[in-house]
>>> print(open('final.cif').read())   # mmCIF, N, CA and C atoms
data_input
#
loop_
_atom_site.group_PDB
_atom_site.id
_atom_site.type_symbol
_atom_site.label_atom_id
_atom_site.label_comp_id
_atom_site.auth_asym_id
_atom_site.auth_seq_id
_atom_site.Cartn_x
_atom_site.Cartn_y
_atom_site.Cartn_z
ATOM 1 N N MET T 1 26.311 23.503 -4.122
ATOM 2 C CA MET T 1 25.193 22.840 -3.466
ATOM 3 C C MET T 1 24.852 21.556 -4.224
ATOM 4 N N ASN T 2 24.622 20.469 -3.495
ATOM 5 C CA ASN T 2 24.273 19.195 -4.102
ATOM 6 C C ASN T 2 22.865 19.284 -4.687
ATOM 7 N N ALA T 3 22.708 18.924 -5.958
ATOM 8 C CA ALA T 3 21.408 19.025 -6.623
ATOM 9 C C ALA T 3 20.416 17.988 -6.115
ATOM 10 N N ASP T 4 20.906 16.895 -5.484
ATOM 11 C CA ASP T 4 20.015 15.851 -5.000
ATOM 12 C C ASP T 4 19.294 16.253 -3.716
ATOM 13 N N VAL T 5 19.911 17.111 -2.921
ATOM 14 C CA VAL T 5 19.332 17.513 -1.651
ATOM 15 C C VAL T 5 19.034 19.000 -1.709
ATOM 16 N N LEU T 6 17.781 19.350 -1.595
ATOM 17 C CA LEU T 6 17.365 20.740 -1.578
ATOM 18 C C LEU T 6 16.892 21.090 -0.181
ATOM 19 N N ILE T 7 16.882 22.365 0.122
ATOM 20 C CA ILE T 7 16.379 22.791 1.426
ATOM 21 C C ILE T 7 14.907 22.408 1.495
ATOM 22 N N GLY T 8 14.572 21.582 2.455
ATOM 23 C CA GLY T 8 13.188 21.164 2.639
ATOM 24 C C GLY T 8 12.780 19.947 1.843
ATOM 25 N N GLY T 9 13.715 19.321 1.118
ATOM 26 C CA GLY T 9 13.338 18.148 0.349
ATOM 27 C C GLY T 9 14.553 17.392 -0.138
ATOM 28 N N ILE T 10 14.281 16.310 -0.851
ATOM 29 C CA ILE T 10 15.347 15.440 -1.322
ATOM 30 C C ILE T 10 14.890 14.788 -2.625
ATOM 31 N N ASP T 11 15.834 14.426 -3.457
ATOM 32 C CA ASP T 11 15.529 13.677 -4.671
ATOM 33 C C ASP T 11 14.811 12.391 -4.273
ATOM 34 N N PHE T 12 13.708 12.109 -4.933
ATOM 35 C CA PHE T 12 12.871 10.967 -4.565
ATOM 36 C C PHE T 12 13.636 9.653 -4.645
ATOM 37 N N ASP T 13 14.421 9.454 -5.716
ATOM 38 C CA ASP T 13 15.191 8.215 -5.853
ATOM 39 C C ASP T 13 16.237 8.082 -4.748
ATOM 40 N N LEU T 14 16.850 9.190 -4.362
ATOM 41 C CA LEU T 14 17.827 9.161 -3.272
ATOM 42 C C LEU T 14 17.154 8.782 -1.954
ATOM 43 N N TRP T 15 15.978 9.341 -1.707
ATOM 44 C CA TRP T 15 15.235 9.006 -0.484
ATOM 45 C C TRP T 15 14.868 7.517 -0.469
ATOM 46 N N LEU T 16 14.420 7.001 -1.616
ATOM 47 C CA LEU T 16 14.088 5.576 -1.704
ATOM 48 C C LEU T 16 15.314 4.719 -1.411
ATOM 49 N N ASP T 17 16.461 5.109 -1.947
ATOM 50 C CA ASP T 17 17.712 4.387 -1.663
ATOM 51 C C ASP T 17 18.015 4.399 -0.168
ATOM 52 N N GLN T 18 17.825 5.543 0.461
ATOM 53 C CA GLN T 18 18.135 5.675 1.886
ATOM 54 C C GLN T 18 17.243 4.795 2.764
ATOM 55 N N ILE T 19 16.006 4.562 2.334
ATOM 56 C CA ILE T 19 15.114 3.721 3.137
ATOM 57 C C ILE T 19 15.060 2.287 2.622
ATOM 58 N N GLY T 20 15.897 1.979 1.625
ATOM 59 C CA GLY T 20 16.011 0.602 1.146
ATOM 60 C C GLY T 20 14.865 0.142 0.273
ATOM 61 N N ARG T 21 14.306 1.048 -0.520
ATOM 62 C CA ARG T 21 13.203 0.688 -1.411
ATOM 63 C C ARG T 21 13.592 0.987 -2.854
ATOM 64 N N SER T 22 12.993 0.253 -3.783
ATOM 65 C CA SER T 22 13.327 0.395 -5.197
ATOM 66 C C SER T 22 12.504 1.507 -5.843
ATOM 67 N N ARG T 23 12.909 1.878 -7.041
ATOM 68 C CA ARG T 23 12.159 2.891 -7.798
ATOM 69 C C ARG T 23 10.757 2.402 -8.115
ATOM 70 N N SER T 24 10.623 1.111 -8.402
ATOM 71 C CA SER T 24 9.288 0.589 -8.722
ATOM 72 C C SER T 24 8.367 0.653 -7.499
ATOM 73 N N THR T 25 8.923 0.432 -6.321
ATOM 74 C CA THR T 25 8.121 0.580 -5.100
ATOM 75 C C THR T 25 7.709 2.029 -4.929
ATOM 76 N N GLY T 26 8.625 2.958 -5.183
ATOM 77 C CA GLY T 26 8.300 4.382 -5.099
ATOM 78 C C GLY T 26 7.206 4.775 -6.069
ATOM 79 N N LEU T 27 7.257 4.253 -7.285
ATOM 80 C CA LEU T 27 6.219 4.536 -8.266
ATOM 81 C C LEU T 27 4.879 3.983 -7.794
ATOM 82 N N ARG T 28 4.903 2.776 -7.241
ATOM 83 C CA ARG T 28 3.672 2.170 -6.727
ATOM 84 C C ARG T 28 3.086 3.021 -5.602
ATOM 85 N N TRP T 29 3.956 3.509 -4.700
ATOM 86 C CA TRP T 29 3.494 4.367 -3.606
ATOM 87 C C TRP T 29 2.894 5.656 -4.148
ATOM 88 N N ARG T 30 3.519 6.235 -5.162
ATOM 89 C CA ARG T 30 2.983 7.457 -5.766
ATOM 90 C C ARG T 30 1.628 7.184 -6.406
ATOM 91 N N ASN T 31 1.497 6.077 -7.134
ATOM 92 C CA ASN T 31 0.237 5.741 -7.797
ATOM 93 C C ASN T 31 -0.886 5.487 -6.792
ATOM 94 N N ARG T 32 -0.543 4.937 -5.641
ATOM 95 C CA ARG T 32 -1.541 4.684 -4.598
ATOM 96 C C ARG T 32 -1.882 5.936 -3.799
ATOM 97 N N GLY T 33 -1.110 6.995 -3.993
ATOM 98 C CA GLY T 33 -1.334 8.229 -3.260
ATOM 99 C C GLY T 33 -0.703 8.234 -1.882
ATOM 100 N N TRP T 34 0.210 7.318 -1.624
ATOM 101 C CA TRP T 34 0.857 7.242 -0.315
ATOM 102 C C TRP T 34 1.893 8.342 -0.141
ATOM 103 N N VAL T 35 2.504 8.781 -1.245
ATOM 104 C CA VAL T 35 3.455 9.894 -1.219
ATOM 105 C C VAL T 35 3.173 10.799 -2.412
ATOM 106 N N THR T 36 3.489 12.070 -2.229
ATOM 107 C CA THR T 36 3.335 13.046 -3.301
ATOM 108 C C THR T 36 4.707 13.633 -3.599
ATOM 109 N N THR T 37 5.054 13.660 -4.864
ATOM 110 C CA THR T 37 6.347 14.210 -5.263
ATOM 111 C C THR T 37 6.127 15.467 -6.086
ATOM 112 N N VAL T 38 7.204 16.213 -6.259
ATOM 113 C CA VAL T 38 7.191 17.437 -7.047
ATOM 114 C C VAL T 38 8.177 17.267 -8.190
ATOM 115 N N ASN T 39 7.743 17.572 -9.409
ATOM 116 C CA ASN T 39 8.607 17.482 -10.575
ATOM 117 C C ASN T 39 9.323 18.813 -10.748
ATOM 118 N N ILE T 40 10.638 18.782 -10.640
ATOM 119 C CA ILE T 40 11.457 19.969 -10.869
ATOM 120 C C ILE T 40 12.441 19.627 -11.981
ATOM 121 N N ASP T 41 12.232 20.226 -13.125
ATOM 122 C CA ASP T 41 13.111 20.043 -14.267
ATOM 123 C C ASP T 41 13.288 18.566 -14.631
ATOM 124 N N GLY T 42 12.195 17.838 -14.594
ATOM 125 C CA GLY T 42 12.223 16.425 -14.982
ATOM 126 C C GLY T 42 12.661 15.466 -13.902
ATOM 127 N N HIS T 43 12.942 15.945 -12.710
ATOM 128 C CA HIS T 43 13.350 15.085 -11.594
ATOM 129 C C HIS T 43 12.280 15.137 -10.514
ATOM 130 N N GLN T 44 12.010 13.986 -9.919
ATOM 131 C CA GLN T 44 11.018 13.912 -8.847
ATOM 132 C C GLN T 44 11.696 14.175 -7.507
ATOM 133 N N PHE T 45 11.142 15.089 -6.750
ATOM 134 C CA PHE T 45 11.621 15.407 -5.416
ATOM 135 C C PHE T 45 10.497 15.191 -4.431
ATOM 136 N N ILE T 46 10.859 14.880 -3.196
ATOM 137 C CA ILE T 46 9.880 14.731 -2.130
ATOM 138 C C ILE T 46 10.230 15.731 -1.035
ATOM 139 N N ALA T 47 9.237 16.492 -0.611
ATOM 140 C CA ALA T 47 9.439 17.521 0.404
ATOM 141 C C ALA T 47 9.583 16.875 1.780
ATOM 142 N N GLN T 48 10.302 17.539 2.671
ATOM 143 C CA GLN T 48 10.489 17.025 4.031
ATOM 144 C C GLN T 48 9.146 16.873 4.734
ATOM 145 N N GLU T 49 8.227 17.786 4.500
ATOM 146 C CA GLU T 49 6.890 17.682 5.106
ATOM 147 C C GLU T 49 6.175 16.410 4.643
ATOM 148 N N GLU T 50 6.372 16.056 3.374
ATOM 149 C CA GLU T 50 5.754 14.835 2.834
ATOM 150 C C GLU T 50 6.390 13.589 3.443
ATOM 151 N N ILE T 51 7.700 13.627 3.647
ATOM 152 C CA ILE T 51 8.391 12.509 4.295
ATOM 153 C C ILE T 51 7.860 12.334 5.718
ATOM 154 N N ASP T 52 7.739 13.442 6.450
ATOM 155 C CA ASP T 52 7.221 13.386 7.824
ATOM 156 C C ASP T 52 5.787 12.850 7.844
ATOM 157 N N ARG T 53 4.967 13.303 6.894
ATOM 158 C CA ARG T 53 3.573 12.845 6.820
ATOM 159 C C ARG T 53 3.521 11.344 6.505
ATOM 160 N N PHE T 54 4.374 10.906 5.582
ATOM 161 C CA PHE T 54 4.423 9.483 5.214
ATOM 162 C C PHE T 54 4.743 8.623 6.434
ATOM 163 N N TRP T 55 5.798 9.000 7.201
ATOM 164 C CA TRP T 55 6.196 8.200 8.356
ATOM 165 C C TRP T 55 5.148 8.246 9.457
ATOM 166 N N ALA T 56 4.462 9.359 9.623
ATOM 167 C CA ALA T 56 3.384 9.434 10.620
ATOM 168 C C ALA T 56 2.248 8.487 10.247
ATOM 169 N N ARG T 57 1.895 8.458 8.976
ATOM 170 C CA ARG T 57 0.846 7.542 8.511
ATOM 171 C C ARG T 57 1.292 6.090 8.646
ATOM 172 N N ALA T 58 2.574 5.817 8.332
ATOM 173 C CA ALA T 58 3.093 4.451 8.454
ATOM 174 C C ALA T 58 3.077 3.995 9.912
ATOM 175 N N LYS T 59 3.496 4.868 10.830
ATOM 176 C CA LYS T 59 3.502 4.518 12.256
ATOM 177 C C LYS T 59 2.095 4.296 12.783
ATOM 178 N N ALA T 60 1.120 4.990 12.213
ATOM 179 C CA ALA T 60 -0.275 4.823 12.619
ATOM 180 C C ALA T 60 -0.868 3.528 12.063
ATOM 181 N N GLY T 61 -0.129 2.827 11.202
ATOM 182 C CA GLY T 61 -0.590 1.549 10.662
ATOM 183 C C GLY T 61 -1.423 1.669 9.409
ATOM 184 N N GLU T 62 -1.442 2.839 8.790
ATOM 185 C CA GLU T 62 -2.274 3.047 7.606
ATOM 186 C C GLU T 62 -1.868 2.156 6.438
ATOM 187 N N PHE T 63 -0.598 1.816 6.332
ATOM 188 C CA PHE T 63 -0.113 1.012 5.212
ATOM 189 C C PHE T 63 0.109 -0.452 5.596
ATOM 190 N N ALA T 64 -0.240 -0.815 6.815
ATOM 191 C CA ALA T 64 0.035 -2.175 7.311
ATOM 192 C C ALA T 64 -0.839 -3.195 6.594
ATOM 193 N N LYS T 65 -0.297 -4.378 6.447
ATOM 194 C CA LYS T 65 -1.063 -5.504 5.921
ATOM 195 C C LYS T 65 -0.510 -6.770 6.549
ATOM 196 N N GLU T 66 -1.288 -7.825 6.472
ATOM 197 C CA GLU T 66 -0.853 -9.102 7.014
ATOM 198 C C GLU T 66 0.333 -9.619 6.211
ATOM 199 N N ALA T 67 1.260 -10.200 6.904
ATOM 200 C CA ALA T 67 2.405 -10.807 6.234
ATOM 201 C C ALA T 67 1.922 -11.976 5.392
ATOM 202 N N GLY T 68 2.618 -12.258 4.323
ATOM 203 C CA GLY T 68 2.224 -13.350 3.451
ATOM 204 C C GLY T 68 3.440 -14.117 2.983
ATOM 205 N N GLY T 69 3.223 -14.969 2.017
ATOM 206 C CA GLY T 69 4.329 -15.718 1.436
ATOM 207 C C GLY T 69 4.459 -17.103 2.031
ATOM 208 N N ILE T 70 5.402 -17.826 1.529
ATOM 209 C CA ILE T 70 5.593 -19.230 1.880
ATOM 210 C C ILE T 70 5.988 -19.418 3.341
ATOM 211 N N ILE T 71 6.779 -18.492 3.891
ATOM 212 C CA ILE T 71 7.214 -18.634 5.284
ATOM 213 C C ILE T 71 6.005 -18.577 6.210
ATOM 214 N N CYS T 72 5.097 -17.637 5.965
ATOM 215 C CA CYS T 72 3.902 -17.522 6.799
ATOM 216 C C CYS T 72 3.009 -18.750 6.650
ATOM 217 N N MET T 73 2.922 -19.285 5.432
ATOM 218 C CA MET T 73 2.115 -20.486 5.219
ATOM 219 C C MET T 73 2.709 -21.666 5.982
ATOM 220 N N GLN T 74 4.036 -21.787 5.976
ATOM 221 C CA GLN T 74 4.678 -22.885 6.689
ATOM 222 C C GLN T 74 4.481 -22.745 8.194
ATOM 223 N N LYS T 75 4.555 -21.536 8.718
ATOM 224 C CA LYS T 75 4.331 -21.321 10.144
ATOM 225 C C LYS T 75 2.903 -21.673 10.521
ATOM 226 N N GLU T 76 1.941 -21.292 9.675
ATOM 227 C CA GLU T 76 0.547 -21.593 9.944
ATOM 228 C C GLU T 76 0.304 -23.103 9.935
ATOM 229 N N GLU T 77 0.901 -23.791 8.963
ATOM 230 C CA GLU T 77 0.765 -25.242 8.898
ATOM 231 C C GLU T 77 1.370 -25.900 10.132
ATOM 232 N N ALA T 78 2.513 -25.404 10.580
ATOM 233 C CA ALA T 78 3.163 -25.966 11.760
ATOM 234 C C ALA T 78 2.299 -25.748 12.998
ATOM 235 N N ASN T 79 1.643 -24.615 13.082
ATOM 236 C CA ASN T 79 0.771 -24.338 14.230
ATOM 237 C C ASN T 79 -0.492 -25.179 14.203
ATOM 238 N N ASN T 80 -0.926 -25.590 13.021
ATOM 239 C CA ASN T 80 -2.162 -26.360 12.891
ATOM 240 C C ASN T 80 -1.934 -27.867 12.869
ATOM 241 N N LYS T 81 -0.679 -28.317 12.940
ATOM 242 C CA LYS T 81 -0.396 -29.748 12.931
ATOM 243 C C LYS T 81 -0.930 -30.390 14.204
ATOM 244 N N PRO T 82 -1.515 -31.575 14.087
ATOM 245 C CA PRO T 82 -1.962 -32.269 15.299
ATOM 246 C C PRO T 82 -0.759 -32.727 16.119
ATOM 247 N N THR T 83 -0.985 -32.872 17.399
ATOM 248 C CA THR T 83 0.101 -33.334 18.262
ATOM 249 C C THR T 83 0.365 -34.801 18.002
ATOM 250 N N SER T 84 1.482 -35.309 18.465
ATOM 251 C CA SER T 84 1.863 -36.698 18.207
ATOM 252 C C SER T 84 0.907 -37.672 18.882
ATOM 253 N N GLU T 85 0.191 -37.240 19.924
ATOM 254 C CA GLU T 85 -0.751 -38.127 20.612
ATOM 255 C C GLU T 85 -1.957 -38.436 19.744
ATOM 256 N N THR T 86 -2.395 -37.475 18.936
ATOM 257 C CA THR T 86 -3.612 -37.660 18.157
ATOM 258 C C THR T 86 -3.350 -37.982 16.703
ATOM 259 N N SER T 87 -2.114 -37.881 16.264
ATOM 260 C CA SER T 87 -1.838 -38.098 14.846
ATOM 261 C C SER T 87 -1.766 -39.585 14.540
ATOM 262 N N GLN T 88 -2.084 -39.909 13.305
ATOM 263 C CA GLN T 88 -2.020 -41.273 12.825
ATOM 264 C C GLN T 88 -0.606 -41.563 12.364
ATOM 265 N N PRO T 89 -0.163 -42.801 12.444
ATOM 266 C CA PRO T 89 1.179 -43.110 11.948
ATOM 267 C C PRO T 89 1.256 -42.847 10.451
ATOM 268 N N ALA T 90 2.350 -42.290 10.043
ATOM 269 C CA ALA T 90 2.538 -41.978 8.626
ATOM 270 C C ALA T 90 2.752 -43.264 7.849
ATOM 271 N N SER T 91 2.193 -43.303 6.653
ATOM 272 C CA SER T 91 2.394 -44.485 5.822
ATOM 273 C C SER T 91 3.760 -44.398 5.167
ATOM 274 N N SER T 92 4.358 -45.529 4.968
ATOM 275 C CA SER T 92 5.675 -45.542 4.343
ATOM 276 C C SER T 92 5.515 -45.354 2.845
ATOM 277 N N PRO T 93 6.520 -44.823 2.187
ATOM 278 C CA PRO T 93 6.431 -44.614 0.743
ATOM 279 C C PRO T 93 6.159 -45.896 -0.025
ATOM 280 N N SER T 94 6.640 -47.020 0.472
ATOM 281 C CA SER T 94 6.429 -48.274 -0.252
ATOM 282 C C SER T 94 4.977 -48.737 -0.161
ATOM 283 N N SER T 95 4.212 -48.275 0.833
ATOM 284 C CA SER T 95 2.827 -48.711 0.955
ATOM 285 C C SER T 95 1.952 -48.118 -0.137
ATOM 286 N N LYS T 96 2.407 -47.081 -0.828
ATOM 287 C CA LYS T 96 1.646 -46.490 -1.914
ATOM 288 C C LYS T 96 1.488 -47.475 -3.061
ATOM 289 N N HIS T 97 2.447 -48.365 -3.212
ATOM 290 C CA HIS T 97 2.425 -49.321 -4.316
ATOM 291 C C HIS T 97 2.245 -50.737 -3.789
ATOM 292 N N ALA T 98 1.437 -50.896 -2.779
ATOM 293 C CA ALA T 98 1.246 -52.208 -2.167
ATOM 294 C C ALA T 98 0.521 -53.168 -3.106
ATOM 295 N N ARG T 99 -0.203 -52.652 -4.097
ATOM 296 C CA ARG T 99 -0.944 -53.518 -5.000
ATOM 297 C C ARG T 99 -0.071 -54.078 -6.098
ATOM 298 N N GLY T 100 1.153 -53.724 -6.163
ATOM 299 C CA GLY T 100 2.028 -54.249 -7.186
ATOM 300 C C GLY T 100 2.386 -53.184 -8.201
ATOM 301 N N PRO T 101 3.100 -53.578 -9.244
ATOM 302 C CA PRO T 101 3.547 -52.610 -10.243
ATOM 303 C C PRO T 101 2.372 -52.073 -11.037
ATOM 304 N N VAL T 102 2.550 -50.857 -11.519
ATOM 305 C CA VAL T 102 1.533 -50.232 -12.321
ATOM 306 C C VAL T 102 1.827 -50.514 -13.774
ATOM 307 N N GLY T 103 0.797 -50.799 -14.557
ATOM 308 C CA GLY T 103 0.990 -51.050 -15.985
ATOM 309 C C GLY T 103 0.609 -52.470 -16.349
ATOM 310 N N ARG T 104 0.934 -52.863 -17.557
ATOM 311 C CA ARG T 104 0.560 -54.182 -18.036
ATOM 312 C C ARG T 104 1.466 -55.255 -17.468
ATOM 313 N N THR T 105 0.887 -56.376 -17.237
ATOM 314 C CA THR T 105 1.666 -57.544 -16.813
ATOM 315 C C THR T 105 1.370 -58.669 -17.801
ATOM 316 N N LYS T 106 2.308 -59.565 -17.956
ATOM 317 C CA LYS T 106 2.099 -60.689 -18.867
ATOM 318 C C LYS T 106 1.118 -61.677 -18.227
ATOM 319 N N ALA T 107 0.321 -62.223 -19.061
ATOM 320 C CA ALA T 107 -0.623 -63.226 -18.575
ATOM 321 C C ALA T 107 0.136 -64.504 -18.259
ATOM 322 N N ALA T 108 -0.322 -65.208 -17.255
ATOM 323 C CA ALA T 108 0.315 -66.462 -16.861
ATOM 324 C C ALA T 108 0.056 -67.509 -17.922
ATOM 325 N N PRO T 109 1.019 -68.389 -18.261
ATOM 326 C CA PRO T 109 0.811 -69.419 -19.304
ATOM 327 C C PRO T 109 -0.102 -70.517 -18.873
#
>>> encode(input="final.cif", output="structure tokens")
Amino acid sequence: MNADVLIGGIDFDLWLDQIGRSRSTGLRWRNRGWVTTVNIDGHQFIAQEEIDRFWARAKAGEFAKEAGGIICMQKEEANNKPTSETSQPASSPSSKHARGPVGRTKAAP
């Protein structure tokens, strides 16, 4: 009998691998109380009932949160951009230095 798969449960790390999550994510889920594991001889196992409960809670949206990150920020910025009818013409990069060079200049003789 495979020690990783028990009747009614599975090795927690193996289950995390199967759903594409890391051990650190599993630890975070355990610390948050999202999943409960059982320690058997120093190995963490998750019961099938706990897996079913986890997925039921996930489907109900209990763990949902708004997406974040740079991609979402870029999409939001793109949605908030003014249309070309109301936007002002963009200034050219050279117009930033229209006053001349920055720094000291020699005095005229």
>>> residues_around(input="final.cif", residues="region 30-36 of chain T", least_positions_apart="4", cutoff="7 Å", atoms="only C-alpha atoms", output="tab-separated table (two decimals) with N, CA and C atoms, keeping the file's coordinate frame")
chain	number	residue	atom	x	y	z
T	26	GLY	N	8.62	2.96	-5.18
T	26	GLY	CA	8.30	4.38	-5.10
T	26	GLY	C	7.21	4.78	-6.07
T	46	ILE	N	10.86	14.88	-3.20
T	46	ILE	CA	9.88	14.73	-2.13
T	46	ILE	C	10.23	15.73	-1.03
T	50	GLU	N	6.37	16.06	3.37
T	50	GLU	CA	5.75	14.84	2.83
T	50	GLU	C	6.39	13.59	3.44
T	54	PHE	N	4.37	10.91	5.58
T	54	PHE	CA	4.42	9.48	5.21
T	54	PHE	C	4.74	8.62	6.43
>>> residues_around(input="final.cif", residues="Trp55 (chain T)", least_positions_apart="6", cutoff="12 Å", atoms="only C-alpha atoms", output="list in words")
Ile19, Trp34, Val35, Gln48, Glu49, Gly61, Glu62 and Phe63 of chain T
>>> write_last_selection(input="final.cif", atoms="N, CA and C atoms", output="PDB file, in the frame of the given file")
ATOM      1  N   ILE T  19      16.006   4.562   2.334  1.00  0.00           N
ATOM      2  CA  ILE T  19      15.114   3.721   3.137  1.00  0.00           C
ATOM      3  C   ILE T  19      15.060   2.287   2.622  1.00  0.00           C
ATOM      4  N   TRP T  34       0.210   7.318  -1.624  1.00  0.00           N
ATOM      5  CA  TRP T  34       0.857   7.242  -0.315  1.00  0.00           C
ATOM      6  C   TRP T  34       1.893   8.342  -0.141  1.00  0.00           C
ATOM      7  N   VAL T  35       2.504   8.781  -1.245  1.00  0.00           N
ATOM      8  CA  VAL T  35       3.455   9.894  -1.219  1.00  0.00           C
ATOM      9  C   VAL T  35       3.173  10.799  -2.412  1.00  0.00           C
ATOM     10  N   GLN T  48      10.302  17.539   2.671  1.00  0.00           N
ATOM     11  CA  GLN T  48      10.489  17.025   4.031  1.00  0.00           C
ATOM     12  C   GLN T  48       9.146  16.873   4.734  1.00  0.00           C
ATOM     13  N   GLU T  49       8.227  17.786   4.500  1.00  0.00           N
ATOM     14  CA  GLU T  49       6.890  17.682   5.106  1.00  0.00           C
ATOM     15  C   GLU T  49       6.175  16.410   4.643  1.00  0.00           C
ATOM     16  N   GLY T  61      -0.129   2.827  11.202  1.00  0.00           N
ATOM     17  CA  GLY T  61      -0.590   1.549  10.662  1.00  0.00           C
ATOM     18  C   GLY T  61      -1.423   1.669   9.409  1.00  0.00           C
ATOM     19  N   GLU T  62      -1.442   2.839   8.790  1.00  0.00           N
ATOM     20  CA  GLU T  62      -2.274   3.047   7.606  1.00  0.00           C
ATOM     21  C   GLU T  62      -1.868   2.156   6.438  1.00  0.00           C
ATOM     22  N   PHE T  63      -0.598   1.816   6.332  1.00  0.00           N
ATOM     23  CA  PHE T  63      -0.113   1.012   5.212  1.00  0.00           C
ATOM     24  C   PHE T  63       0.109  -0.452   5.596  1.00  0.00           C
TER      25      PHE T  63
END
>>> atom_distance(input="final.cif", atom1="atom N of Ala64 (chain T)", atom2="atom N of His43 (chain T)")
28.9 Å
>>> atom_distance(input="final.cif", atom1="CA of Ile40 (chain T)", atom2="CA of Lys59 (chain T)")
28.9 Å
>>> atom_distance(input="final.cif", atom1="CA of Phe45 (chain T)", atom2="CA of Phe12 (chain T)")
4.7 Å
